[in-house]
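Structure data (PDB, C-alpha atoms, pLDDT in the B column) from structure_20.pdb:
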ATOM      1  CA  MET G  23      14.128  13.734  -6.963  1.00 94.00           C
ATOM      2  CA  ILE G  24      12.245  10.446  -6.856  1.00 98.00           C
ATOM      3  CA  THR G  25      10.014   9.650  -9.818  1.00 98.00           C
ATOM      4  CA  ILE G  26       7.288   7.054  -9.363  1.00 98.00           C
ATOM      5  CA  HIS G  27       6.507   4.949 -12.428  1.00 98.00           C
ATOM      6  CA  GLY G  28       3.082   3.436 -11.990  1.00 97.00           C
ATOM      7  CA  VAL G  29      -0.677   3.472 -12.428  1.00 95.00           C
ATOM      8  CA  PHE G  30      -3.019   5.510 -10.252  1.00 94.00           C
ATOM      9  CA  GLY G  31      -5.122   3.108  -8.226  1.00 91.00           C
ATOM     10  CA  SER G  32      -2.306   0.685  -7.490  1.00 94.00           C
ATOM     11  CA  PRO G  33      -2.152   0.128  -3.715  1.00 96.00           C
ATOM     12  CA  PHE G  34       1.632  -0.145  -3.971  1.00 97.00           C
ATOM     13  CA  VAL G  35       1.903   3.206  -5.736  1.00 97.00           C
ATOM     14  CA  ARG G  36      -0.263   4.627  -2.970  1.00 98.00           C
ATOM     15  CA  ALA G  37       2.080   3.283  -0.291  1.00 98.00           C
ATOM     16  CA  LEU G  38       5.046   5.030  -1.903  1.00 98.00           C
ATOM     17  CA  ARG G  39       3.135   8.295  -2.114  1.00 98.00           C
ATOM     18  CA  ILE G  40       2.171   8.120   1.569  1.00 98.00           C
ATOM     19  CA  ALA G  41       5.776   7.459   2.609  1.00 98.00           C
ATOM     20  CA  LEU G  42       7.117  10.301   0.483  1.00 98.00           C
ATOM     21  CA  ASP G  43       4.560  12.737   1.872  1.00 97.00           C
ATOM     22  CA  GLU G  44       5.183  11.615   5.463  1.00 98.00           C
ATOM     23  CA  LYS G  45       8.857  12.392   4.857  1.00 97.00           C
ATOM     24  CA  GLY G  46       8.127  15.668   3.105  1.00 96.00           C
ATOM     25  CA  LEU G  47      10.118  14.556   0.082  1.00 97.00           C
ATOM     26  CA  PRO G  48       9.329  15.971  -3.367  1.00 96.00           C
ATOM     27  CA  TRP G  49       8.422  13.479  -6.043  1.00 97.00           C
ATOM     28  CA  ALA G  50       7.427  13.304  -9.679  1.00 97.00           C
ATOM     29  CA  TRP G  51       4.928  11.114 -11.487  1.00 97.00           C
ATOM     30  CA  ALA G  52       5.533   8.994 -14.596  1.00 97.00           C
ATOM     31  CA  PRO G  53       2.183   7.366 -15.381  1.00 95.00           C
ATOM     32  CA  PHE G  54       1.419   4.798 -18.057  1.00 92.00           C
ATOM     33  CA  GLN G  55      -1.557   2.774 -19.201  1.00 90.00           C
ATOM     34  CA  LEU G  56      -2.378  -0.534 -17.550  1.00 86.00           C
ATOM     35  CA  GLY G  57      -0.748  -3.208 -19.690  1.00 89.00           C
ATOM     36  CA  GLU G  58       2.295  -1.132 -20.544  1.00 94.00           C
ATOM     37  CA  HIS G  59       4.013  -2.548 -17.463  1.00 94.00           C
ATOM     38  CA  LYS G  60       4.451  -5.746 -19.462  1.00 95.00           C
ATOM     39  CA  GLN G  61       6.243  -3.930 -22.299  1.00 95.00           C
ATOM     40  CA  GLU G  62       9.352  -1.884 -22.915  1.00 97.00           C
ATOM     41  CA  PRO G  63      10.466   0.634 -21.840  1.00 96.00           C
ATOM     42  CA  TYR G  64       8.965  -0.235 -18.435  1.00 97.00           C
ATOM     43  CA  LEU G  65      10.452  -3.735 -18.424  1.00 97.00           C
ATOM     44  CA  SER G  66      13.890  -2.135 -18.421  1.00 97.00           C
ATOM     45  CA  LEU G  67      12.971  -0.620 -15.040  1.00 97.00           C
ATOM     46  CA  HIS G  68      11.163  -3.669 -13.673  1.00 97.00           C
ATOM     47  CA  PRO G  69      12.030  -6.928 -15.447  1.00 97.00           C
ATOM     48  CA  PHE G  70       9.209  -8.764 -13.648  1.00 98.00           C
ATOM     49  CA  GLY G  71       6.610  -6.368 -15.044  1.00 97.00           C
ATOM     50  CA  LYS G  72       5.029  -5.453 -11.713  1.00 96.00           C
ATOM     51  CA  ILE G  73       3.809  -2.052 -10.515  1.00 96.00           C
ATOM     52  CA  PRO G  74       5.453   0.254  -9.432  1.00 98.00           C
ATOM     53  CA  ALA G  75       9.082   1.156  -9.965  1.00 98.00           C
ATOM     54  CA  MET G  76      10.980   4.307  -9.048  1.00 98.00           C
ATOM     55  CA  VAL G  77      13.992   6.252 -10.214  1.00 98.00           C
ATOM     56  CA  ASP G  78      15.876   8.439  -7.743  1.00 98.00           C
ATOM     57  CA  ASP G  79      18.267  10.756  -9.574  1.00 96.00           C
ATOM     58  CA  GLY G  80      19.189   7.984 -11.994  1.00 96.00           C
ATOM     59  CA  PHE G  81      19.081   5.172  -9.421  1.00 98.00           C
ATOM     60  CA  ALA G  82      16.383   2.689 -10.504  1.00 98.00           C
ATOM     61  CA  LEU G  83      14.661   0.506  -7.940  1.00 98.00           C
ATOM     62  CA  TYR G  84      11.727  -1.897  -7.763  1.00 98.00           C
ATOM     63  CA  GLU G  85       9.969  -4.029  -5.112  1.00 97.00           C
ATOM     64  CA  THR G  86       7.759  -2.006  -2.797  1.00 97.00           C
ATOM     65  CA  GLN G  87       9.483  -2.952   0.453  1.00 97.00           C
ATOM     66  CA  ALA G  88      12.865  -1.929  -0.949  1.00 98.00           C
ATOM     67  CA  MET G  89      11.439   1.347  -2.222  1.00 98.00           C
ATOM     68  CA  LEU G  90       9.751   2.131   1.094  1.00 98.00           C
ATOM     69  CA  ARG G  91      12.955   1.454   3.005  1.00 98.00           C
ATOM     70  CA  HIS G  92      14.912   3.601   0.551  1.00 98.00           C
ATOM     71  CA  ILE G  93      12.492   6.481   1.136  1.00 98.00           C
ATOM     72  CA  ASP G  94      12.910   6.082   4.893  1.00 98.00           C
ATOM     73  CA  ARG G  95      16.692   6.141   4.641  1.00 97.00           C
ATOM     74  CA  LYS G  96      16.755   9.055   2.215  1.00 96.00           C
ATOM     75  CA  ALA G  97      15.436  11.510   4.790  1.00 94.00           C
ATOM     76  CA  PRO G  98      16.404  10.900   8.431  1.00 87.00           C
ATOM     77  CA  ALA G  99      13.252  12.378   9.946  1.00 92.00           C
ATOM     78  CA  PRO G 100      10.635  11.519  10.751  1.00 96.00           C
ATOM     79  CA  ALA G 101      11.860   7.953  11.073  1.00 96.00           C
ATOM     80  CA  LEU G 102       9.415   5.417   9.677  1.00 98.00           C
ATOM     81  CA  MET G 103      11.066   2.368  11.199  1.00 97.00           C
ATOM     82  CA  PRO G 104      11.363   1.876  14.977  1.00 95.00           C
ATOM     83  CA  THR G 105      14.741   1.800  16.702  1.00 94.00           C
ATOM     84  CA  ASP G 106      13.453  -0.489  19.454  1.00 96.00           C
ATOM     85  CA  PRO G 107      14.392  -4.010  18.332  1.00 97.00           C
ATOM     86  CA  HIS G 108      11.040  -5.543  19.258  1.00 97.00           C
ATOM     87  CA  ARG G 109       9.014  -2.882  17.482  1.00 97.00           C
ATOM     88  CA  ALA G 110      11.344  -3.047  14.481  1.00 97.00           C
ATOM     89  CA  ALA G 111      10.897  -6.807  14.304  1.00 98.00           C
ATOM     90  CA  ARG G 112       7.122  -6.376  14.487  1.00 98.00           C
ATOM     91  CA  ALA G 113       7.216  -3.855  11.654  1.00 98.00           C
ATOM     92  CA  ASP G 114       9.327  -6.263   9.585  1.00 98.00           C
ATOM     93  CA  GLN G 115       6.843  -9.034  10.356  1.00 98.00           C
ATOM     94  CA  ILE G 116       3.874  -6.939   9.208  1.00 98.00           C
ATOM     95  CA  LEU G 117       5.666  -5.894   6.028  1.00 98.00           C
ATOM     96  CA  ALA G 118       6.212  -9.578   5.279  1.00 98.00           C
ATOM     97  CA  ILE G 119       2.534 -10.294   5.980  1.00 98.00           C
ATOM     98  CA  VAL G 120       1.573  -7.686   3.387  1.00 98.00           C
ATOM     99  CA  ASP G 121       3.612  -9.365   0.659  1.00 96.00           C
ATOM    100  CA  CYS G 122       2.992 -12.984   1.622  1.00 97.00           C
ATOM    101  CA  TYR G 123      -0.611 -12.956   2.830  1.00 97.00           C
ATOM    102  CA  LEU G 124      -2.539  -9.660   2.654  1.00 97.00           C
ATOM    103  CA  TRP G 125      -1.972  -8.961  -1.031  1.00 96.00           C
ATOM    104  CA  PRO G 126      -2.356 -12.586  -2.194  1.00 95.00           C
ATOM    105  CA  SER G 127      -5.538 -13.045  -0.149  1.00 93.00           C
ATOM    106  CA  GLY G 128      -7.155  -9.657  -0.707  1.00 93.00           C
ATOM    107  CA  ARG G 129      -6.505  -9.063  -4.389  1.00 93.00           C
ATOM    108  CA  GLY G 130      -9.239 -11.493  -5.453  1.00 94.00           C
ATOM    109  CA  ILE G 131     -11.766  -9.284  -3.671  1.00 96.00           C
ATOM    110  CA  GLY G 132     -10.208  -5.909  -4.454  1.00 94.00           C
ATOM    111  CA  PHE G 133      -9.541  -6.520  -8.128  1.00 92.00           C
ATOM    112  CA  ASN G 134     -12.878  -8.073  -8.934  1.00 93.00           C
ATOM    113  CA  ARG G 135     -14.999  -5.637  -6.972  1.00 95.00           C
ATOM    114  CA  LEU G 136     -13.152  -2.377  -7.723  1.00 92.00           C
ATOM    115  CA  ILE G 137     -10.736  -2.672 -10.641  1.00 89.00           C
ATOM    116  CA  ALA G 138     -12.374  -5.121 -13.041  1.00 89.00           C
ATOM    117  CA  PRO G 139     -15.580  -3.060 -13.431  1.00 91.00           C
ATOM    118  CA  ARG G 140     -13.545   0.079 -14.154  1.00 87.00           C
ATOM    119  CA  ILE G 141     -11.476  -1.480 -16.915  1.00 85.00           C
ATOM    120  CA  GLY G 142     -14.246  -3.573 -18.422  1.00 87.00           C
ATOM    121  CA  ALA G 143     -12.750  -6.893 -17.331  1.00 89.00           C
ATOM    122  CA  PRO G 144     -14.972  -9.834 -16.377  1.00 94.00           C
ATOM    123  CA  VAL G 145     -15.667 -10.248 -12.666  1.00 93.00           C
ATOM    124  CA  ASN G 146     -14.504 -13.590 -11.309  1.00 95.00           C
ATOM    125  CA  GLU G 147     -17.007 -14.364  -8.572  1.00 95.00           C
ATOM    126  CA  GLN G 148     -15.235 -17.594  -7.660  1.00 96.00           C
ATOM    127  CA  ALA G 149     -12.014 -15.674  -7.034  1.00 95.00           C
ATOM    128  CA  VAL G 150     -13.933 -13.394  -4.677  1.00 96.00           C
ATOM    129  CA  LEU G 151     -15.360 -16.356  -2.774  1.00 97.00           C
ATOM    130  CA  ASP G 152     -11.981 -18.080  -2.619  1.00 97.00           C
ATOM    131  CA  SER G 153     -10.419 -14.931  -1.137  1.00 97.00           C
ATOM    132  CA  ILE G 154     -12.835 -14.459   1.755  1.00 97.00           C
ATOM    133  CA  GLU G 155     -11.483 -17.020   4.208  1.00 97.00           C
ATOM    134  CA  PRO G 156      -7.751 -16.269   3.733  1.00 97.00           C
ATOM    135  CA  THR G 157      -8.525 -12.558   4.013  1.00 98.00           C
ATOM    136  CA  LYS G 158     -10.339 -13.200   7.297  1.00 98.00           C
ATOM    137  CA  VAL G 159      -7.313 -15.061   8.618  1.00 98.00           C
ATOM    138  CA  THR G 160      -4.918 -12.318   7.510  1.00 98.00           C
ATOM    139  CA  LEU G 161      -6.895  -9.400   8.925  1.00 98.00           C
ATOM    140  CA  ALA G 162      -7.466 -11.262  12.192  1.00 98.00           C
ATOM    141  CA  ALA G 163      -3.703 -11.797  12.472  1.00 98.00           C
ATOM    142  CA  LEU G 164      -3.008  -8.102  11.849  1.00 98.00           C
ATOM    143  CA  ALA G 165      -5.667  -7.094  14.373  1.00 98.00           C
ATOM    144  CA  ALA G 166      -4.110  -9.382  16.985  1.00 98.00           C
ATOM    145  CA  LEU G 167      -0.656  -7.900  16.404  1.00 97.00           C
ATOM    146  CA  ALA G 168      -1.952  -4.335  16.569  1.00 97.00           C
ATOM    147  CA  GLY G 169      -3.986  -4.761  19.727  1.00 96.00           C
ATOM    148  CA  ASN G 170      -5.248  -1.402  20.979  1.00 94.00           C
ATOM    149  CA  GLN G 171      -2.182   0.602  20.001  1.00 96.00           C
ATOM    150  CA  PRO G 172      -2.682   3.826  18.012  1.00 97.00           C
ATOM    151  CA  PHE G 173      -0.618   2.395  15.169  1.00 98.00           C
ATOM    152  CA  LEU G 174       0.190  -1.161  14.178  1.00 98.00           C
ATOM    153  CA  THR G 175       3.478  -1.334  16.095  1.00 97.00           C
ATOM    154  CA  GLY G 176       3.011   1.296  18.790  1.00 96.00           C
ATOM    155  CA  GLU G 177       2.614   5.027  19.298  1.00 95.00           C
ATOM    156  CA  THR G 178       3.952   6.276  15.964  1.00 96.00           C
ATOM    157  CA  ILE G 179       3.357   5.543  12.299  1.00 98.00           C
ATOM    158  CA  THR G 180       5.806   3.186  10.585  1.00 98.00           C
ATOM    159  CA  LEU G 181       6.292   1.604   7.190  1.00 98.00           C
ATOM    160  CA  ALA G 182       4.080  -1.218   8.461  1.00 98.00           C
ATOM    161  CA  ASP G 183       1.089   1.138   8.683  1.00 98.00           C
ATOM    162  CA  ILE G 184       1.927   2.664   5.316  1.00 98.00           C
ATOM    163  CA  ALA G 185       2.117  -0.714   3.595  1.00 98.00           C
ATOM    164  CA  VAL G 186      -1.073  -2.083   5.152  1.00 98.00           C
ATOM    165  CA  LEU G 187      -3.224   1.020   4.648  1.00 98.00           C
ATOM    166  CA  PRO G 188      -3.778   0.939   0.866  1.00 97.00           C
ATOM    167  CA  LEU G 189      -4.788  -2.720   0.796  1.00 97.00           C
ATOM    168  CA  THR G 190      -7.019  -2.451   3.868  1.00 97.00           C
ATOM    169  CA  ASP G 191      -8.665   0.716   2.584  1.00 97.00           C
ATOM    170  CA  MET G 192      -9.281  -1.039  -0.743  1.00 96.00           C
ATOM    171  CA  LEU G 193     -10.920  -3.986   1.001  1.00 97.00           C
ATOM    172  CA  ALA G 194     -13.061  -1.662   3.120  1.00 97.00           C
ATOM    173  CA  LYS G 195     -14.687  -0.325  -0.065  1.00 96.00           C
ATOM    174  CA  THR G 196     -16.015  -3.758  -1.032  1.00 96.00           C
ATOM    175  CA  PRO G 197     -18.998  -5.581   0.497  1.00 96.00           C
ATOM    176  CA  GLU G 198     -16.950  -8.647   1.364  1.00 97.00           C
ATOM    177  CA  GLY G 199     -13.955  -6.757   2.713  1.00 97.00           C
ATOM    178  CA  GLY G 200     -16.154  -4.398   4.686  1.00 97.00           C
ATOM    179  CA  ALA G 201     -17.882  -7.320   6.360  1.00 97.00           C
ATOM    180  CA  ILE G 202     -14.555  -8.928   7.240  1.00 97.00           C
ATOM    181  CA  LEU G 203     -13.193  -5.694   8.690  1.00 97.00           C
ATOM    182  CA  ALA G 204     -16.349  -5.241  10.774  1.00 97.00           C
ATOM    183  CA  GLU G 205     -15.217  -8.312  12.724  1.00 97.00           C
ATOM    184  CA  GLN G 206     -12.017  -6.465  13.759  1.00 97.00           C
ATOM    185  CA  PRO G 207     -13.067  -3.179  15.442  1.00 97.00           C
ATOM    186  CA  ASN G 208      -9.533  -2.264  16.504  1.00 97.00           C
ATOM    187  CA  LEU G 209      -8.387  -2.510  12.893  1.00 97.00           C
ATOM    188  CA  LEU G 210     -11.320  -0.361  11.796  1.00 97.00           C
ATOM    189  CA  GLY G 211     -10.345   2.247  14.380  1.00 97.00           C
ATOM    190  CA  TRP G 212      -6.780   2.210  13.097  1.00 98.00           C
ATOM    191  CA  LEU G 213      -8.061   2.629   9.526  1.00 98.00           C
ATOM    192  CA  GLU G 214     -10.115   5.668  10.488  1.00 97.00           C
ATOM    193  CA  ARG G 215      -7.135   7.265  12.246  1.00 97.00           C
ATOM    194  CA  MET G 216      -4.956   6.651   9.206  1.00 98.00           C
ATOM    195  CA  ARG G 217      -7.549   8.165   6.877  1.00 98.00           C
ATOM    196  CA  GLU G 218      -7.270  11.432   8.794  1.00 97.00           C
ATOM    197  CA  ARG G 219      -3.596  11.868   7.939  1.00 98.00           C
ATOM    198  CA  PRO G 220      -2.926  14.387   5.128  1.00 97.00           C
ATOM    199  CA  SER G 221      -0.580  11.931   3.411  1.00 98.00           C
ATOM    200  CA  VAL G 222      -3.343   9.328   3.255  1.00 98.00           C
ATOM    201  CA  ARG G 223      -5.963  11.810   2.075  1.00 97.00           C
ATOM    202  CA  ASN G 224      -3.668  13.113  -0.651  1.00 96.00           C
ATOM    203  CA  SER G 225      -2.784   9.613  -1.790  1.00 97.00           C
ATOM    204  CA  ALA G 226      -6.456   8.953  -2.569  1.00 95.00           C
ATOM    205  CA  LEU G 227      -6.354  11.734  -5.181  1.00 93.00           C
ATOM    206  CA  ALA G 228      -4.912  11.474  -8.669  1.00 91.00           C
ATOM    207  CA  PRO G 229      -1.211  12.421  -8.531  1.00 92.00           C
ATOM    208  CA  GLU G 230      -1.694  15.104 -11.174  1.00 87.00           C
ATOM    209  CA  LYS G 231      -4.131  16.968  -8.903  1.00 84.00           C
ATOM    210  CA  VAL G 232      -1.862  16.794  -5.863  1.00 81.00           C
ATOM    211  CA  LEU G 233       1.267  17.845  -7.720  1.00 84.00           C
ATOM    212  CA  ALA G 234      -0.532  20.694  -9.524  1.00 82.00           C
ATOM    213  CA  ALA G 235      -1.679  22.077  -6.178  1.00 75.00           C
ATOM    214  CA  ALA G 236       1.776  21.887  -4.583  1.00 68.00           C
TER     215      ALA G 236
END
Conversion result in structure tokens:
Amino acid sequence: MITIHGVFGSPFVRALRIALDEKGLPWAWAPFQLGEHKQEPYLSLHPFGKIPAMVDDGFALYETQAMLRHIDRKAPAPALMPTDPHRAARADQILAIVDCYLWPSGRGIGFNRLIAPRIGAPVNEQAVLDSIEPTKVTLAALAALAGNQPFLTGETITLADIAVLPLTDMLAKTPEGGAILAEQPNLLGWLERMRERPSVRNSALAPEKVLAAA
């Protein structure tokens, strides 16, 4: 069984949970307090001290893309990566956009508007302002790639959708992110469709509640 080591509220933890539920794979939860990811024993799982990491029957793994791809390979169906080479390349491209552009651009908004107030950290208004323009560029690029397809790469959900959803949903809950998303109606439509999926709804709940109800 896969055990997720992380903090509830992390968009990357949420992506793993969505993928596992889409696959119908059982999973366990190993939570810790924010800050403990920079200490042992977590650093033995993830030497870079980022969130999350996972352990699959003794096999430890970190980096969200690697973990998502491992989940997809672990259960053959439903496939979460396209077999068509063009669609597969598009999914790879979007996954790279998440790591290189969406997270770096959007975290200034998401952290300062949603996380900082919850943990009593100071809100960096300049970081919010500095994030607005790159976030506009990133979401416009994703909207252009998605077009009017039901999902980001075509007719079926892929790891691209799963990786983009938590960060986009986070941005949508902020004034700045909501305003940026309003400029991309096709991306808003995609977000609403994704929110209707049971895996996405469950991932918005604390893991303890979901696992207790299973």
Original post:
Hey, which of G:Leu164, G:Ala118, G:Ile131, G:Ala204 ends up closest to Met192 (chain G)? Count only C-alpha atoms.
Top reply: G:Ile131
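This file gives the following result for the PyMOL selection byres ((chain G and resi 95-106) around 9): Ala41, Glu44, Lys45, Gly46, Leu47, Leu90, Arg91, His92, Ile93, Asp94, Pro107, His108, Arg109, Ala110, Ala111, Ala113, Asp114, Thr175, Thr178, Ile179, Thr180, Leu181 and Ala182 of chain G.
Once the PyMOL selection byres ((chain G and resi 203) around 10) is applied to the shown structure, the selection contains Thr157, Lys158, Leu161, Ala162, Ala165, Thr190, Asp191, Leu193, Ala194, Glu198, Gly199, Gly200, Ala201, Ile202, Ala204, Glu205, Gln206, Pro207, Asn208, Leu209, Leu210 and Leu213 of chain G.
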Work out where the centre of an axis-aligned box around every listed atom of region 131-137 of chain G lies and how long its edges are once 3 Å is added on each side; give both in Å to one decimal as lines of an AutoDock Vina configuration file.
center_x = -12.3
center_y = -5.8
center_z = -7.2
size_x = 11.5
size_y = 12.9
size_z = 13.0
Subject >> Exercise: Asn146 (chain G) partners within 12 Å, only C-alpha atoms, chain neighbours under 3 positions left out, as a list in words >> reply: Arg129, Gly130, Ile131, Gly132, Phe133, Asn134, Arg135, Leu136, Ile137, Ala138, Pro139, Ala143, Ala149, Val150, Leu151, Asp152 and Ser153 of chain G
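Checking G:Leu65, G:Met23, G:Arg223, G:Leu56 one by one against Phe81 (chain G), counting all atoms listed in the file, you find the shortest gap at G:Met23.
Proximity of G:Gly169, G:Pro229, G:Val120, G:Glu214 to Pro53 (chain G), computed with all atoms listed in the file, is greatest for G:Pro229.
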Within 8 Å of Ile24 (chain G), counting all atoms listed in the file, which residues show up once you throw out same-chain ones fewer than 4 positions away? Write them as an mmCIF file with C-alpha atoms, in the frame of the given file, please.
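Dumped to selection.cif:
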data_model
loop_
_atom_site.group_PDB
_atom_site.id
_atom_site.type_symbol
_atom_site.label_atom_id
_atom_site.label_comp_id
_atom_site.auth_asym_id
_atom_site.auth_seq_id
_atom_site.Cartn_x
_atom_site.Cartn_y
_atom_site.Cartn_z
ATOM 1 C CA PRO G 48 9.329 15.971 -3.367
ATOM 2 C CA TRP G 49 8.422 13.479 -6.043
ATOM 3 C CA ALA G 50 7.427 13.304 -9.679
ATOM 4 C CA MET G 76 10.980 4.307 -9.048
ATOM 5 C CA VAL G 77 13.992 6.252 -10.214
ATOM 6 C CA ASP G 78 15.876 8.439 -7.743
ATOM 7 C CA ASP G 79 18.267 10.756 -9.574
#
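The spacing separating CA of Pro197 (chain G) from CA of Arg39 (chain G) amounts to 26.3 Å.
You can rank G:Pro188, G:Pro69, G:Gly31, G:Pro156 by their closest distance to Tyr123 (chain G) using only C-alpha atoms, and at the top of that list sits G:Pro156.
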Original post:
Applied to the shown file, which residues does the PyMOL selection byres ((chain G and resi 29) around 9) return, written as a PyMOL selection string?
Top reply: chain G and resi 27-28+30-32+35+52-56+73-74
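Put simply, CA of Ser221 (chain G) is 14.1 Å away from CA of Val186 (chain G).
Between CA of Cys122 (chain G) and CA of Ala168 (chain G) the separation is 18.0 Å.
Restricting the calculation to only C-alpha atoms, the smallest distance between Ser225 (chain G) and any of G:Lys195, G:Ser66, G:Pro126, G:Ile184 is found for G:Ile184.
Distances here use only C-alpha atoms; by that measure, the residue among G:Asp121, G:Pro220, G:Gly128, G:Ile116 closest to Phe173 (chain G) is G:Ile116.
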